[in-house]
$ cat model14.txt   # compact mmCIF, C-alpha atoms
# COMPACT_ATOMS: atom_id res chain seq x y z
CA MET A 1 132.42 62.65 125.06
CA PRO A 2 129.11 63.08 123.19
CA HIS A 3 128.94 65.66 120.47
CA ALA A 4 127.48 68.93 121.72
CA PRO A 5 124.79 70.39 119.48
CA ARG A 6 125.64 73.53 117.57
CA ASN A 7 122.36 75.11 118.57
CA SER A 8 120.25 74.75 121.71
CA TYR A 9 116.81 75.85 122.82
CA LEU A 10 116.27 78.70 125.25
CA ALA A 11 112.58 77.83 125.48
CA PRO A 12 110.27 75.55 123.52
CA GLY A 13 110.35 76.83 119.96
CA VAL A 14 113.01 79.51 120.64
CA SER A 15 116.58 78.64 119.62
CA ARG A 16 119.72 80.22 121.02
CA LEU A 17 120.98 81.00 117.52
CA SER A 18 118.86 82.51 114.77
CA ARG A 19 118.38 80.81 111.42
CA SER A 20 120.80 83.17 109.69
CA THR A 21 123.52 82.52 112.30
CA THR A 22 123.06 78.76 112.02
CA PHE A 23 123.17 79.05 108.24
CA ALA A 24 126.53 80.87 108.47
CA ARG A 25 128.07 78.49 111.01
CA LYS A 26 127.16 75.46 108.94
CA SER A 27 128.70 77.16 105.87
CA LEU A 28 125.60 76.27 103.89
CA HIS A 29 126.34 79.13 101.51
CA LYS A 30 129.31 77.09 100.18
CA ARG A 31 127.19 74.10 99.24
CA GLN A 32 125.74 73.73 95.80
CA LYS A 33 121.97 73.81 95.52
CA LYS A 34 120.55 70.99 93.43
CA ALA A 35 117.32 72.06 91.84
CA VAL A 36 114.94 69.66 90.17
CA ALA A 37 114.62 70.54 86.50
CA SER A 38 111.13 70.96 85.19
CA PRO A 39 110.00 68.15 82.90
CA ALA A 40 110.43 68.89 79.21
CA ALA A 41 107.44 69.15 76.96
CA ALA A 42 106.38 65.81 75.56
CA SER A 43 107.54 65.37 71.97
CA ALA A 44 106.63 62.83 69.37
CA THR A 45 108.42 59.52 69.96
CA ASP A 46 107.85 58.09 66.49
CA LYS A 47 107.93 59.48 63.00
CA THR A 48 106.89 58.24 59.59
CA VAL A 49 109.44 58.06 56.76
CA GLU A 50 109.09 57.10 53.12
CA VAL A 51 110.72 53.85 52.01
CA LYS A 52 111.75 53.16 48.45
CA GLY A 53 111.13 49.87 46.76
CA ALA A 54 107.96 48.33 45.39
CA LYS A 55 107.98 45.40 47.83
CA ASN A 56 109.02 47.37 50.95
CA GLY A 57 105.88 49.43 51.29
CA SER A 58 105.71 53.17 50.83
CA LYS A 59 105.94 54.23 54.51
CA ARG A 60 107.50 52.97 57.71
CA THR A 61 107.28 54.12 61.34
CA VAL A 62 110.66 54.58 63.07
CA PRO A 63 111.72 56.17 66.40
CA ALA A 64 112.03 59.93 66.21
CA LYS A 65 115.33 59.81 68.10
CA LYS A 66 117.86 57.03 67.92
CA ALA A 67 118.95 55.38 71.15
CA ASP A 68 122.30 56.48 72.52
CA ARG A 69 125.23 54.27 71.71
CA PHE A 70 126.66 54.69 75.19
CA TYR A 71 124.92 54.71 78.56
CA PRO A 72 126.28 55.20 82.11
CA ALA A 73 127.47 52.05 83.84
CA GLU A 74 126.05 53.24 87.16
CA ASP A 75 122.71 54.77 88.00
CA VAL A 76 122.79 58.55 87.99
CA PRO A 77 121.34 59.87 91.29
CA GLN A 78 118.25 61.94 90.80
CA PRO A 79 117.17 64.59 93.32
CA LYS A 80 114.04 63.66 95.19
CA LYS A 81 111.00 65.71 94.34
CA SER A 82 109.53 67.38 97.38
CA ARG A 83 105.80 67.73 97.76
CA LYS A 84 106.02 69.93 100.82
CA VAL A 85 104.24 73.25 100.61
CA SER A 86 105.28 76.07 102.89
CA LYS A 87 102.38 77.20 105.04
CA ILE A 88 102.13 80.56 106.77
CA GLY A 89 101.62 80.21 110.51
CA GLY A 90 98.86 82.12 112.20
CA LEU A 91 99.54 84.99 114.54
CA ARG A 92 99.89 84.07 118.19
CA ALA A 93 96.95 84.99 120.39
CA SER A 94 99.23 87.00 122.70
CA ILE A 95 100.27 89.36 119.86
CA VAL A 96 97.85 92.00 118.62
CA PRO A 97 98.52 95.36 116.95
CA GLY A 98 100.11 97.56 119.61
CA THR A 99 101.62 94.77 121.73
CA VAL A 100 105.10 95.47 123.07
CA VAL A 101 107.35 92.51 122.24
CA ILE A 102 110.97 91.72 123.13
CA LEU A 103 113.32 90.79 120.28
CA LEU A 104 115.41 87.67 120.91
CA ALA A 105 117.58 87.59 117.79
CA GLY A 106 119.22 89.94 115.33
CA ARG A 107 121.19 93.11 115.80
CA HIS A 108 118.43 94.60 117.96
CA ARG A 109 118.03 91.62 120.30
CA GLY A 110 116.98 92.52 123.81
CA LYS A 111 115.10 95.65 122.73
CA ARG A 112 111.41 96.28 123.25
CA VAL A 113 109.47 97.16 120.12
CA VAL A 114 105.83 97.66 119.12
CA ALA A 115 104.14 95.07 116.88
CA LEU A 116 101.99 96.65 114.16
CA LYS A 117 100.61 93.81 112.03
CA GLN A 118 101.38 90.47 110.38
CA LEU A 119 102.51 90.53 106.76
CA ASP A 120 101.52 88.08 104.03
CA SER A 121 104.77 86.14 104.54
CA GLY A 122 103.89 85.51 108.19
CA LEU A 123 106.51 87.92 109.54
CA LEU A 124 105.71 90.66 112.03
CA LEU A 125 105.98 94.33 111.17
CA VAL A 126 107.48 96.14 114.19
CA THR A 127 108.94 99.53 115.01
CA GLY A 128 110.95 100.88 117.96
CA PRO A 129 109.99 103.68 117.67
CA PHE A 130 113.25 104.64 116.02
CA LYS A 131 113.58 107.86 118.02
CA VAL A 132 113.36 105.94 121.31
CA ASN A 133 115.52 102.83 120.87
CA GLY A 134 116.88 103.00 117.32
CA VAL A 135 114.76 100.17 115.88
CA PRO A 136 113.29 101.14 112.49
CA LEU A 137 110.35 99.62 110.66
CA ARG A 138 111.45 96.05 110.06
CA ARG A 139 110.21 92.47 109.75
CA VAL A 140 110.83 89.85 112.45
CA ASN A 141 109.84 86.24 112.94
CA GLN A 142 107.28 85.83 115.69
CA ALA A 143 109.18 82.75 116.93
CA TYR A 144 112.00 85.06 118.07
CA VAL A 145 109.95 87.49 120.14
CA ILE A 146 108.48 87.44 123.64
CA ALA A 147 105.04 88.99 123.86
CA THR A 148 104.47 91.16 126.93
CA SER A 149 101.24 92.24 128.59
CA THR A 150 102.01 95.90 127.78
CA LYS A 151 99.97 97.30 124.91
CA ILE A 152 99.81 100.66 123.18
CA ASP A 153 96.67 102.01 121.56
CA VAL A 154 97.46 102.19 117.83
CA SER A 155 93.88 102.62 116.66
CA ALA A 156 94.78 106.10 115.35
CA LEU A 157 97.50 104.59 113.13
CA THR A 158 96.47 103.72 109.57
CA LEU A 159 98.97 101.49 107.77
CA ASP A 160 98.89 101.80 104.00
CA ALA A 161 98.92 98.77 101.73
CA LYS A 162 102.48 99.68 100.69
CA PHE A 163 103.82 98.26 103.96
CA ASN A 164 104.23 94.73 102.63
CA ASP A 165 107.12 92.35 102.02
CA ALA A 166 108.07 94.10 98.77
CA TYR A 167 108.53 97.33 100.75
CA PHE A 168 111.56 95.81 102.53
CA LYS A 169 113.08 94.11 99.51
CA LYS A 170 116.58 95.32 98.72
CA SER A 171 117.06 96.65 95.21
CA GLY A 172 120.04 95.99 93.01
CA ALA A 173 122.14 92.87 92.54
CA ALA A 174 125.53 92.30 94.09
CA LYS A 175 128.26 93.93 92.02
CA ASN A 176 131.58 92.25 91.33
CA LYS A 177 134.22 94.46 92.92
CA ALA A 178 137.68 94.52 91.43
CA PHE A 179 140.62 93.42 93.57
CA LEU A 180 142.02 96.25 95.70
CA ALA A 181 139.24 98.51 94.47
CA GLY A 182 138.41 101.59 96.48
CA GLU A 183 135.47 101.60 98.83
CA GLU A 184 132.23 102.77 97.26
CA LYS A 185 130.11 105.38 98.95
CA LYS A 186 127.12 104.00 100.77
CA ALA A 187 123.82 104.87 99.14
CA ALA A 188 121.72 107.41 100.98
CA PHE A 189 118.64 106.20 102.83
CA PRO A 190 115.49 106.87 100.77
CA GLU A 191 113.67 109.99 101.91
CA SER A 192 110.30 108.33 101.34
CA LYS A 193 111.06 105.59 103.87
CA ALA A 194 112.39 108.14 106.35
CA ALA A 195 109.12 110.06 106.03
CA ASP A 196 107.13 106.85 106.58
CA GLN A 197 109.15 106.12 109.71
CA LYS A 198 108.45 109.57 111.18
CA LEU A 199 104.75 109.30 110.35
CA VAL A 200 104.36 105.93 112.09
CA ASP A 201 106.50 106.88 115.11
CA LYS A 202 104.59 110.13 115.62
CA VAL A 203 101.32 108.31 116.29
CA ILE A 204 102.98 105.74 118.58
CA LEU A 205 104.86 108.36 120.59
CA GLU A 206 101.67 110.36 121.12
CA ALA A 207 99.91 107.25 122.41
CA ALA A 208 102.89 106.28 124.61
CA ALA A 209 102.98 109.74 126.19
CA LYS A 210 99.61 109.06 127.81
CA THR A 211 101.11 106.30 129.99
CA PRO A 212 103.73 107.33 132.58
CA LEU A 213 107.22 105.83 132.16
CA LEU A 214 106.15 103.89 129.03
CA ARG A 215 108.73 105.69 126.90
CA HIS A 216 111.49 104.75 129.38
CA TYR A 217 110.23 101.17 129.29
CA LEU A 218 110.61 101.05 125.50
CA SER A 219 114.10 102.54 125.64
CA SER A 220 115.37 99.97 128.18
CA THR A 221 116.76 96.61 127.11
CA PHE A 222 115.82 93.15 128.38
CA GLY A 223 118.37 90.81 129.90
CA LEU A 224 118.67 87.84 132.24
CA THR A 225 121.00 87.32 135.17
CA LYS A 226 122.04 84.15 136.94
CA GLY A 227 119.09 82.29 138.39
CA GLN A 228 116.48 83.94 136.18
CA PHE A 229 114.48 81.74 133.80
CA PRO A 230 112.23 83.26 131.08
CA HIS A 231 109.74 80.38 131.17
CA ALA A 232 109.05 81.12 134.85
CA MET A 233 108.49 84.84 134.31
CA GLN A 234 105.32 86.75 133.62
CA PHE A 235 105.87 89.53 131.09
$ encode --input "model14.txt" --output "C-alpha cells"
Amino acid sequence: MPHAPRNSYLAPGVSRLSRSTTFARKSLHKRQKKAVASPAAASATDKTVEVKGAKNGSKRTVPAKKADRFYPAEDVPQPKKSRKVSKIGGLRASIVPGTVVILLAGRHRGKRVVALKQLDSGLLLVTGPFKVNGVPLRRVNQAYVIATSTKIDVSALTLDAKFNDAYFKKSGAAKNKAFLAGEEKKAAFPESKAADQKLVDKVILEAAAKTPLLRHYLSSTFGLTKGQFPHAMQF
C-alpha cells in the first residue's frame, strides 16, 4: 500500500493542514537547528620573530599558529550555505481593503472576517468584527483565505502606523516553571489594544449597518457538505 501523504491540498495552493499543524505533527520542534556560523575575522597567518646567532640572521618569518598535532580521520560535514532570500508576495487582486474573506485555518477557521490591509511581512490584517463573530485584530496568511465578492466601505477608517507586525509580537520570554508548581494567573489583556479594537470595529459596524443582513452574514460560518466543491463555487 503506498504511503499516504500527511498533508493534502483542498485547492491549488491551499493545504488541508496549516503550517503550524504540519510543524507539530512532524515534531520539528524536537530537531536541532544547525546554524551556519559567521566567518571569523581574518587574522595574520604569519609573524616575525627574532633569531639569535650571528649566522642565522636577525629575523625569521614563522606561522602565527602552529598546525594541530591531531586531525579528524573523516571529513566533518559542514552545513550548506543557503543563498535563498525570502520574498514577500504581493497582495492578490481579489483582496482589497474592506473585502470579506473566509478563514481556512486556525482557531477561527470557517469564519468570515474583513480584510483591512497587508502588513510589511506579507500577512493580512483582518478583524471580525470582534463583537459580531469573536475574531479580534489578527494577522493571517492570504494563502489560507477565500476572497468573496462582498465588500465593506472602509474609507472612513484610518489605520495608524502602529498597526504593524511589532504590534502583534508577544512580550516576555518563556519562564521555566517548577515541577508541580501552582498555576499562574493569566495576564490581563492590555487596555490600549482593547480600545483599538473598539475603535476599528465601530467604523466597520457603522458601514455594515447600511447593507441589509450583512451583519448576519459576518456572524455565520462557512462550511461544505457532501457534493460541494469550493473550486466550483462563486463567492
$ residues_around --input "model14.txt" --residues "Val62 of chain A" --least-positions-apart "2" --cutoff "7 Å" --atoms "only C-alpha atoms" --output "list in words"
Asp46, Lys47, Thr48, Arg60 and Ala64 of chain A
$ residues_around --input "model14.txt" --residues "Ala194 of chain A" --least-positions-apart "4" --cutoff "12 Å" --atoms "only C-alpha atoms" --output "list in words"
Phe130, Lys131, Pro136, Leu137, Ala188, Phe189, Pro190, Lys198, Leu199, Val200 and Asp201 of chain A
$ residues_around --input "model14.txt" --residues "Ser86 of chain A" --least-positions-apart "4" --cutoff "12 Å" --atoms "all atoms listed in the file" --output "VMD selection string"
chain A and resid 82 121 to 122
$ atom_distance --input "model14.txt" --atom1 "atom CA of His108 of chain A" --atom2 "atom CA of Asn141 of chain A"
13.0 Å
$ atom_distance --input "model14.txt" --atom1 "atom CA of Lys162 of chain A" --atom2 "atom CA of Thr150 of chain A"
27.4 Å
$ axis_aligned_box --input "model14.txt" --around "segment 42-60 of chain A" --padding-each-side "3 Å" --output "JSON"
{"center_x": 108.7, "center_y": 55.6, "center_z": 60.5, "size_x": 12.0, "size_y": 26.4, "size_z": 36.2}
$ atom_distance --input "model14.txt" --atom1 "atom CA of Val126 of chain A" --atom2 "atom CA of Lys170 of chain A"
18.0 Å
$ residues_around --input "model14.txt" --residues "Ala147 of chain A" --least-positions-apart "3" --cutoff "9 Å" --atoms "all atoms listed in the file" --output "number ranges by chain"
A: 94-95, 99-102, 150, 235
$ closest_residue --input "model14.txt" --among "A:Pro79, A:Gly128, A:Gly106, A:Gly98" --to "Val154 of chain A" --atoms "only C-alpha atoms"
A:Gly98
$ residues_around --input "model14.txt" --residues "segment 116-120 of chain A" --least-positions-apart "3" --cutoff "7 Å" --atoms "all atoms listed in the file" --output "PyMOL selection string"
chain A and resi 97-98+123-126+164-165
$ closest_atom_pairs --input "model14.txt" --of "segment 76-136 of chain A" --to "segment 203-217 of chain A" --cutoff "9 Å" --atoms "only C-alpha atoms" --output "Markdown table"
| residue | atom | partner | partner_atom | distance |
| --- | --- | --- | --- | --- |
| A:Gly98 | CA | A:Ile204 | CA | 8.7 |
| A:Arg112 | CA | A:Tyr217 | CA | 7.9 |
| A:Val114 | CA | A:Ile204 | CA | 8.6 |
| A:Pro129 | CA | A:Ile204 | CA | 7.4 |
| A:Val132 | CA | A:Arg215 | CA | 7.3 |
$ closest_atom_pairs --input "model14.txt" --of "segment 89-199 of chain A" --to "segment 16-26 of chain A" --cutoff "12 Å" --atoms "only C-alpha atoms" --output "JSON lines"
{"residue": "A:Leu103", "atom": "CA", "partner": "A:Ser18", "partner_atom": "CA", "distance": 11.4}
{"residue": "A:Leu104", "atom": "CA", "partner": "A:Arg16", "partner_atom": "CA", "distance": 8.6}
{"residue": "A:Ala105", "atom": "CA", "partner": "A:Ser18", "partner_atom": "CA", "distance": 6.0}
{"residue": "A:Gly106", "atom": "CA", "partner": "A:Ser18", "partner_atom": "CA", "distance": 7.5}
{"residue": "A:Arg107", "atom": "CA", "partner": "A:Ser18", "partner_atom": "CA", "distance": 10.9}
{"residue": "A:Arg109", "atom": "CA", "partner": "A:Ser18", "partner_atom": "CA", "distance": 10.7}
{"residue": "A:Val140", "atom": "CA", "partner": "A:Ser18", "partner_atom": "CA", "distance": 11.1}
{"residue": "A:Asn141", "atom": "CA", "partner": "A:Ser18", "partner_atom": "CA", "distance": 9.9}
{"residue": "A:Ala143", "atom": "CA", "partner": "A:Ser18", "partner_atom": "CA", "distance": 9.9}
{"residue": "A:Tyr144", "atom": "CA", "partner": "A:Ser18", "partner_atom": "CA", "distance": 8.0}
{"residue": "A:Val145", "atom": "CA", "partner": "A:Ser18", "partner_atom": "CA", "distance": 11.5}
